[in-house]
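Peer 1: Handing you this structure, nothing more for now.
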Amino acid sequence: MLNYFETPVIEILDKAAEKAGVKILIKREDLNHLYASDNKWWKLKYNLQEAKRLGHDTLLTFGGAFSNHIFATAVAGKELGLKSIGIIRGEKVLPLNHTLAFAENCGMQMHFISREDYRRKTEQPFIDQLKEKFGEFYLIPEGGTNAFAIRGCAEFAKEKIWPIGCTHVCLPVGTGGTLAGIVSGLRGETKVIGFSVLKDGSFLREEIKSQLVFFIGSNWEIQTDYHFGGYAKQTSVLTEFMINMKQQYDLPLDHVYTGKMMFGIFDLIKKGYFEKGSVILVIHTGGLQGSDR
Ligand SMILES: *Cc1c(COP(=O)(O)O)cnc(C)c1O
């Protein structure tokens, strides 16, 4: 098992929120591990258990050059004594950026492939080729999303969110695996709002429905207007907002996920989306390793 540190819930005292009569709480899940501090901890938990159960000594996964999932998998491999292989999208650029240099230091073996090849990452012939090259491995998909990841995120919801007694849970959404798990774990008792960080996030609605393995509820939605131009794109408005959050509330955010979500939450508050008396629990999903370095 990876180390896990219990994470605090902090309240943000904001004028706009006070005016709207809503309470903002932040679950600082970015502090759950010294390095692999993410929602990726929960997504990896049962994958690592399964890899062990099947007797694997090597993890293999996929990601881009700034991937939090690559970072977390490399840390997990080192901590648990498993070999790790990262199949990285695009050409190798030297010096390696912070994410990849750290992963390499953890012992991850990195293999760079073209964008065309990368698109084949879920095709069996391509995976067979990887097996020929690297030998047997436990495969974790891009972003870590699979049934084991969803099970881990459902557990997170049951153990760490549900007891807080909030009316809304907010989190950023990439593949939707974390949201699917959290919705499953909460069993419809709390409204879950996901903020898509992808440009056209509307496809996520169907995708997530197909991932809700334990519980098919309808008490969740995806906000698609806060992507700021698409995955990892940044604007000066977003940057300024994040600087402000850090200065005013000592809240560090990243520009890929949590910054966009937080911007969206404040925008919705201003637009009167949340009823008076709402208690919003914001999941800080981490991702700080990829920011500002
Ligand atoms: C990966 C990641 C997400 C998105 O999780 P999904 O399960 O892919 O939706 C959100 N926030 C951070 C910080 C992440 O690293």
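Scheme for the structure tokens: letters A, B, ... for chains in order shown; per-chain residue numbers from 1; ligand numbers from 1 in order shown.
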Write down as a PyMOL selection string the residues belonging to segment 12-240 of chain A that are assigned alpha helix (DSSP H) by DSSP computed on the backbone.
Peer 2: chain A and resi 15-20+40-53+68-80+98-105+115-118+124-134+147-156+177-186+204-211+236-240
Peer 1: Fewer than 5 positions away in the same chain doesn't count, so skip those; otherwise give me all residues within 8 Å of segment 234-237 of chain A, counting only C-alpha atoms, as a ChimeraX atom specification.
Peer 2: /A:228-229,255-256
Peer 1: Keeping only N, CA and C atoms, take the residues you just selected and write them out as a compact mmCIF listing (two decimals), in the first residue's frame.
Peer 2:
# COMPACT_ATOMS: atom_id res chain seq x y z
N PHE A 228 -11.25 27.08 -20.75
CA PHE A 228 -10.25 28.09 -21.13
C PHE A 228 -9.49 27.73 -22.40
N GLY A 229 -10.19 27.19 -23.37
CA GLY A 229 -9.56 26.92 -24.67
C GLY A 229 -9.15 25.48 -24.85
N HIS A 255 -2.97 25.02 -13.35
CA HIS A 255 -3.73 25.62 -14.45
C HIS A 255 -4.44 24.57 -15.32
N VAL A 256 -4.12 23.28 -15.13
CA VAL A 256 -4.74 22.25 -15.97
C VAL A 256 -6.09 21.81 -15.40
Peer 1: What residues of the protein or nucleic acid chains come within 6 Å of ligand 1 when you use only C-alpha atoms and all ligand atoms? Reply as a count of residues only.
Peer 2: 14
Peer 1: Mind pulling up the distance from atom CA of Ala74 of chain A to atom CA of Trp41 of chain A?
Peer 2: 11.7 Å
Peer 1: Could you pull out the strand (DSSP E) residues of segment 46-291 of chain A from DSSP and send them as an MDAnalysis selection string?
Peer 2: chainID A and resid 58:63 83:89 109:113 138:140 168:173 191:196 220:223 279:283
Peer 1: Can you list, as a list in words, every protein, DNA or RNA residue that comes within 10 Å of Gly64 of chain A when you count only C-alpha atoms, leaving out same-chain residues fewer than 5 positions away?
Peer 2: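 Within the cut-off, the hits are His69, Ile70, Gly86, Ile87, Ile88, Arg89, Gly90, Thr99, Leu100, Phe112, Arg115, Tyr118, Glu142 and Gly143 of chain A.
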